[in-house]
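Novice: What follows is a structure written as structure tokens; I'll ask about it next.
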Amino acid sequence: MASEHSEYEEERNELIARLKRLGYLPKSGPIYDAFVKVPRHEFVPLSERPFAYVDHPLPLWDTGATISAPHMCVLILEYLQLEAGHIVLEVGAGSGYQAALIAEMVCPSSESSLTEELCGHVYTIEIHPQLVEFARGNLERAGYADRVTVIQGDGTLGYPEAAPYDRILLTAAGNAPPPPLVEQLKVGGILCMPVDQGSYQAMMNFVKQSDGTLKKEHLTEVMFVPLRGKFGLVSKKRWFF
Ligand code: SAH
């Protein structure tokens with residue numbers, strides 16, 4: 001296993017240096033630690049492994065899904081303002097890579113002296129059966145099976161069994177936060193999602209207020225696959241991926 005990992009050492013270090021230089025990756029701290037710990041090559045299809053450490057999204061076979069570019073995965077960690085102990089719901093497990101990064105932040109591995117109460121959990125829902133199996137296998141191999149639960153189903157309905165959530169992330173673009181997800185978010189919690197704007201998508205944070213309303217913040221422009229399911233994307237525009 002170790003020799004297999006070292007095969008990617010040089011490319012990993014180059015990517016880390018590049019993301020630091022461009023200002024995406026902090027020089028130290030929990031986001032840096034999470035990014036360095038999660039082996040991205042364990043989360044991409046075999047045919048894509050040579051490109052695992054290129055700062056680009058990669059296709060997950062012909063499913064239409066992609067594993068986001070590393071810089072986007074890092075930005076998402078920043079947007080979510082994660083803390084150890086958080087209970088997080090992700091809609092769109094895909095490869096399981098983003099879920100593993102989040103798991104490293106809500107329940108950091110190894111040498112830390114964290115107590116059990118400070119170990120959070122990630123629930124990630126995936127609608128595509130092939131990707132459910134893929135994400136589960138990747139997370140298990142990379143050592144995240146006890147910190148991430150992969151659920152098959154329509155993520156726009158959420159996962160009430162483990163609600164309420166401190167943070168909710170959607171990695172597919174919709175029109176607005178699906179009502180069941182707003183319901184399952186804690187007051188003061190953040191829901192982060194790409195929102196279709198017609199000609200582009202805006203990454204937005206929605207913070208749940210004590211009266212149940214959402215306060216929104218525009219973060220950046222992005223390009224994610226469409227959100228399927230009951231409260232998925234309704235658009236006249238066709239996205240080509
Ligand atoms: N976060 C992933 C990237 C996901 S791409 C990673 O780190 O690799 C977006 C994913 O959302 C796709 O796998 C797609 O199948 C899934 N998806 C789209 N609509 C969904 C829905 N309603 N419920 C659950 N998953 C959904």
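Just remember, in the structure tokens the first chain shown is A, the second B, etc., residues are 1-based per chain, and ligands are 1-based in the order shown.
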Need to verify the contact set: Ala176 in chain A, 12 Å, only C-alpha atoms, exclusion of same-chain residues closer than 6 positions in sequence. Can you return it as a PyMOL selection string?
Specialist: chain A and resi 156+170+182+191-197+201-206+214+216+227+231-235
Novice: Can I get the residues of chain A within 7 Å of ligand 1, each with the closest pair of atoms and their distance in Å to one decimal, using only C-alpha atoms and all ligand atoms, sorted chain first then ascending number, as a Markdown table?
Specialist:
| residue | atom | partner | partner_atom_place_in_ligand_line | distance |
| --- | --- | --- | --- | --- |
| A:Ala65 | CA | ligand 1 | 12 (C) | 4.5 |
| A:Thr66 | CA | ligand 1 | 5 (S) | 4.8 |
| A:Ile67 | CA | ligand 1 | 8 (O) | 3.7 |
| A:Ser68 | CA | ligand 1 | 3 (C) | 5.7 |
| A:Val91 | CA | ligand 1 | 24 (C) | 5.0 |
| A:Gly92 | CA | ligand 1 | 11 (O) | 3.2 |
| A:Ala93 | CA | ligand 1 | 1 (N) | 4.7 |
| A:Gly94 | CA | ligand 1 | 13 (O) | 3.6 |
| A:Ser95 | CA | ligand 1 | 8 (O) | 3.8 |
| A:Gly96 | CA | ligand 1 | 7 (O) | 5.0 |
| A:Tyr97 | CA | ligand 1 | 7 (O) | 4.1 |
| A:Gln98 | CA | ligand 1 | 7 (O) | 3.8 |
| A:Ala99 | CA | ligand 1 | 7 (O) | 6.4 |
| A:Ile125 | CA | ligand 1 | 24 (C) | 5.0 |
| A:Glu126 | CA | ligand 1 | 25 (N) | 3.7 |
| A:Ile127 | CA | ligand 1 | 24 (C) | 4.0 |
| A:His128 | CA | ligand 1 | 15 (O) | 4.9 |
| A:Leu131 | CA | ligand 1 | 13 (O) | 6.3 |
| A:Gly153 | CA | ligand 1 | 24 (C) | 5.9 |
| A:Asp154 | CA | ligand 1 | 23 (N) | 3.9 |
| A:Gly155 | CA | ligand 1 | 23 (N) | 3.5 |
| A:Thr156 | CA | ligand 1 | 22 (N) | 4.9 |
| A:Thr171 | CA | ligand 1 | 9 (C) | 5.0 |
| A:Ala172 | CA | ligand 1 | 9 (C) | 4.8 |
| A:Val225 | CA | ligand 1 | 9 (C) | 5.8 |
| A:Pro226 | CA | ligand 1 | 18 (C) | 6.2 |
| A:Leu227 | CA | ligand 1 | 19 (N) | 3.9 |
| A:Arg228 | CA | ligand 1 | 19 (N) | 3.7 |
| A:Gly229 | CA | ligand 1 | 22 (N) | 4.1 |
| A:Gly232 | CA | ligand 1 | 22 (N) | 6.1 |
Novice: So which residues of range 13-112 of chain A fall under helix (DSSP H, G or I) by DSSP, listed as a PyMOL selection string?
Specialist: chain A and resi 13-21+30-37+40-43+46-51+70-80+97-106
Novice: Wanna dump the range 119-187 of chain A-range 70-80 of chain A contacts at 10 Å for me, each residue with its shortest atom pair and the distance in Å to one decimal, counting only C-alpha atoms, ordered by chain and number, as CSV?
Specialist:
residue,atom,partner,partner_atom,distance
A:Asp166,CA,A:Leu80,CA,9.6
A:Arg167,CA,A:Leu80,CA,6.8
A:Ile168,CA,A:Leu80,CA,8.3
A:Leu169,CA,A:Leu80,CA,7.8
A:Thr171,CA,A:Ile76,CA,9.5
Novice: Name the closest residue to Ser109 in chain A among the candidates A:Leu15, A:Leu82, A:Ile87, A:Val38; distances are taken between atoms, counting only C-alpha atoms.
Specialist: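 Among the listed residues, A:Val38 lies closest to Ser109 in chain A.
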Novice: What's the 12 Å shell around Gly212 in chain A, counting only C-alpha atoms, without same-chain residues fewer than 4 positions away, as a list in words?
Specialist: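 Final neighbour list, sorted by chain and number: Pro179, Leu181, Val182, Glu183, Gln184, Leu185, Lys186, Val187, Gly188, Gly189, Phe206, Val207 and Lys208 of chain A.
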Novice: When distances are computed from only C-alpha atoms, which of A:Val106, A:Ala163, A:Ala145, A:Leu157 shows the smallest separation from Lys230 in chain A?
Specialist: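 Using only C-alpha atoms, the shortest distance to Lys230 in chain A belongs to A:Leu157.
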Novice: If DSSP is run on the backbone, what residues of range 30-230 of chain A are strand (DSSP E)? A reply as a compact mmCIF listing (two decimals) with C-alpha atoms, in the first residue's frame would be ideal.
Specialist:
# COMPACT_ATOMS: atom_id res chain seq x y z
CA LEU A 58 -12.70 14.03 -13.60
CA PRO A 59 -15.54 11.97 -15.12
CA THR A 66 -17.75 14.13 -12.00
CA ILE A 67 -15.40 14.33 -9.04
CA ILE A 87 -22.96 16.30 11.82
CA VAL A 88 -22.97 16.87 8.07
CA LEU A 89 -25.26 15.80 5.23
CA GLU A 90 -23.95 15.71 1.66
CA VAL A 91 -26.23 15.28 -1.36
CA HIS A 121 -20.16 12.19 11.20
CA VAL A 122 -20.89 12.59 7.50
CA TYR A 123 -24.02 11.18 5.87
CA THR A 124 -23.81 11.25 2.10
CA ILE A 125 -26.68 10.39 -0.25
CA GLU A 126 -26.24 9.20 -3.83
CA VAL A 148 -18.99 8.40 6.62
CA THR A 149 -22.30 6.65 5.93
CA VAL A 150 -23.31 6.31 2.26
CA ILE A 151 -27.06 6.14 1.63
CA GLN A 152 -28.73 5.29 -1.67
CA TYR A 165 -27.59 18.71 10.66
CA ASP A 166 -25.00 21.39 11.42
CA ARG A 167 -24.09 21.61 7.76
CA ILE A 168 -25.68 20.46 4.48
CA LEU A 169 -23.79 20.40 1.18
CA LEU A 170 -25.24 19.76 -2.27
CA LEU A 185 -30.91 21.95 9.05
CA LYS A 186 -30.21 23.28 12.57
CA VAL A 187 -30.92 26.93 13.35
CA GLY A 188 -27.62 28.71 12.73
CA GLY A 189 -26.58 25.88 10.38
CA ILE A 190 -25.25 26.41 6.85
CA LEU A 191 -26.61 24.85 3.65
CA CYS A 192 -24.18 25.27 0.75
CA MET A 193 -25.29 24.57 -2.83
CA PRO A 194 -24.83 25.55 -6.46
CA VAL A 195 -27.91 27.48 -7.61
CA ASP A 196 -28.88 27.63 -11.28
CA GLN A 201 -24.49 28.64 -11.47
CA ALA A 202 -23.82 30.52 -8.25
CA MET A 203 -22.39 28.74 -5.23
CA MET A 204 -24.42 30.02 -2.30
CA ASN A 205 -24.50 29.66 1.46
CA PHE A 206 -27.90 29.69 3.15
CA VAL A 207 -27.84 30.26 6.91
CA LYS A 208 -30.97 29.17 8.80
CA LEU A 214 -32.73 31.60 5.16
CA LYS A 215 -30.14 34.32 4.86
CA LYS A 216 -28.20 33.87 1.63
CA GLU A 217 -24.65 34.70 0.64
CA HIS A 218 -23.24 34.53 -2.90
CA LEU A 219 -19.83 32.81 -2.88
CA THR A 220 -18.57 32.23 -6.42
CA GLU A 221 -19.53 31.05 -9.91
CA VAL A 222 -19.35 27.29 -10.46
Novice: Just how far from CA of Tyr200 in chain A is CA of Phe51 in chain A, in Å to one decimal?
Specialist: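 That distance, rounded to one decimal, is 26.3 Å.
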Novice: Given only C-alpha atoms as the basis, pick out the residue of A:Ala142, A:Val132, A:Met105, A:Glu83 nearest to Arg40 in chain A.
Specialist: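 Among the listed residues, A:Ala142 lies closest to Arg40 in chain A.
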Novice: Restricting the calculation to only C-alpha atoms, which member of A:Leu46, A:Ala162, A:Val54, A:Leu101 is positioned closest to Ile31 in chain A?
Specialist: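 The closest residue to Ile31 in chain A is A:Leu101.
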Novice: Pick the closest to Asp146 in chain A from A:Pro129, A:Pro26, A:Gly120, A:Gly158: which is it, counting only C-alpha atoms?
Specialist: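 Closest candidate: A:Gly120.
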Novice: With only C-alpha atoms as the atoms that count, which of A:Ile102, A:Phe35, A:Ala135, A:His86 lies nearest to Pro164 in chain A?
Specialist: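 Nearest candidate to Pro164 in chain A out of A:Ile102, A:Phe35, A:Ala135, A:His86: A:His86.
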Novice: Pro39 in chain A: which residues within 12 Å, counting only C-alpha atoms, same-chain residues fewer than 4 positions away excluded, as a VMD selection string?
Specialist: chain A and resid 1 to 2 4 to 9 11 to 13 33 to 35 43 to 44 49 52 to 53 70 96 to 98 100 to 101 104 138 to 139 141 to 144
Novice: Please dump the current selection as a short mmCIF file (atom, residue, chain, number, x, y, z; two decimals), in the first residue's frame; keep N, CA and C atoms.
Specialist:
data_model
loop_
_atom_site.label_atom_id
_atom_site.label_comp_id
_atom_site.auth_asym_id
_atom_site.auth_seq_id
_atom_site.Cartn_x
_atom_site.Cartn_y
_atom_site.Cartn_z
N MET A 1 0.84 -1.21 0.00
CA MET A 1 0.00 0.00 0.00
C MET A 1 0.87 1.26 0.00
N ALA A 2 1.92 1.21 0.86
CA ALA A 2 2.77 2.40 0.98
C ALA A 2 3.46 2.73 -0.34
N GLU A 4 2.42 1.93 -3.25
CA GLU A 4 1.39 2.38 -4.19
C GLU A 4 1.13 3.88 -3.99
N HIS A 5 1.13 4.31 -2.70
CA HIS A 5 0.89 5.72 -2.39
C HIS A 5 2.04 6.59 -2.87
N SER A 6 3.27 6.08 -2.65
CA SER A 6 4.42 6.91 -2.98
C SER A 6 4.52 7.13 -4.49
N GLU A 7 3.86 6.27 -5.25
CA GLU A 7 3.80 6.44 -6.70
C GLU A 7 3.22 7.82 -7.06
N TYR A 8 2.37 8.34 -6.17
CA TYR A 8 1.70 9.61 -6.46
C TYR A 8 2.30 10.79 -5.69
N GLU A 9 3.35 10.48 -4.87
CA GLU A 9 3.91 11.47 -3.95
C GLU A 9 4.29 12.79 -4.64
N GLU A 11 3.38 14.03 -7.61
CA GLU A 11 2.24 14.77 -8.15
C GLU A 11 1.41 15.41 -7.04
N ARG A 12 1.24 14.68 -5.93
CA ARG A 12 0.51 15.21 -4.78
C ARG A 12 1.18 16.48 -4.27
N ASN A 13 2.51 16.40 -4.09
CA ASN A 13 3.25 17.55 -3.55
C ASN A 13 3.18 18.74 -4.49
N ASP A 33 -4.61 20.13 6.65
CA ASP A 33 -4.41 18.77 7.16
C ASP A 33 -5.34 17.78 6.44
N ALA A 34 -6.61 18.18 6.28
CA ALA A 34 -7.58 17.29 5.63
C ALA A 34 -7.15 17.01 4.20
N PHE A 35 -6.76 18.05 3.48
CA PHE A 35 -6.40 17.87 2.07
C PHE A 35 -5.18 16.96 1.92
N PHE A 43 -9.98 7.62 -4.96
CA PHE A 43 -11.38 7.98 -5.21
C PHE A 43 -11.70 8.19 -6.69
N VAL A 44 -10.74 7.93 -7.56
CA VAL A 44 -11.02 8.13 -8.99
C VAL A 44 -11.00 6.76 -9.70
N ARG A 49 -6.70 7.51 -12.87
CA ARG A 49 -5.66 7.67 -11.82
C ARG A 49 -4.46 8.53 -12.23
N ALA A 52 -5.26 12.01 -11.22
CA ALA A 52 -5.85 12.22 -9.90
C ALA A 52 -5.39 13.53 -9.26
N TYR A 53 -4.15 13.95 -9.54
CA TYR A 53 -3.62 15.16 -8.90
C TYR A 53 -3.48 16.33 -9.86
N PRO A 70 -9.80 19.61 -7.44
CA PRO A 70 -9.28 19.77 -6.07
C PRO A 70 -9.49 21.17 -5.48
N GLY A 96 -17.13 9.89 -3.29
CA GLY A 96 -16.93 9.86 -1.84
C GLY A 96 -15.77 10.74 -1.40
N TYR A 97 -15.06 11.38 -2.35
CA TYR A 97 -13.86 12.17 -2.01
C TYR A 97 -14.20 13.39 -1.13
N GLN A 98 -15.21 14.16 -1.55
CA GLN A 98 -15.56 15.35 -0.75
C GLN A 98 -16.02 14.93 0.65
N ALA A 100 -14.99 12.38 2.34
CA ALA A 100 -13.79 12.02 3.12
C ALA A 100 -13.09 13.27 3.64
N LEU A 101 -13.00 14.31 2.80
CA LEU A 101 -12.37 15.57 3.23
C LEU A 101 -13.16 16.16 4.40
N GLU A 104 -12.53 14.30 7.62
CA GLU A 104 -11.25 14.65 8.25
C GLU A 104 -11.38 15.93 9.08
N ASN A 138 -14.57 3.06 -2.04
CA ASN A 138 -13.45 4.01 -1.91
C ASN A 138 -13.27 4.44 -0.45
N LEU A 139 -14.39 4.77 0.20
CA LEU A 139 -14.33 5.26 1.58
C LEU A 139 -13.80 4.18 2.52
N ARG A 141 -11.80 1.58 1.65
CA ARG A 141 -10.37 1.35 1.36
C ARG A 141 -9.50 2.45 1.94
N ALA A 142 -10.02 3.69 1.92
CA ALA A 142 -9.21 4.82 2.40
C ALA A 142 -9.35 5.04 3.91
N GLY A 143 -10.16 4.21 4.58
CA GLY A 143 -10.24 4.29 6.04
C GLY A 143 -11.29 5.24 6.59
N TYR A 144 -12.37 5.47 5.86
CA TYR A 144 -13.41 6.42 6.32
C TYR A 144 -14.75 5.76 6.62
#
Novice: Could you please determine the separation between CA of Ser28 in chain A and CA of His41 in chain A in Å, to one decimal place?
Specialist: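 Going from CA of Ser28 in chain A over to CA of His41 in chain A, I get 22.0 Å.
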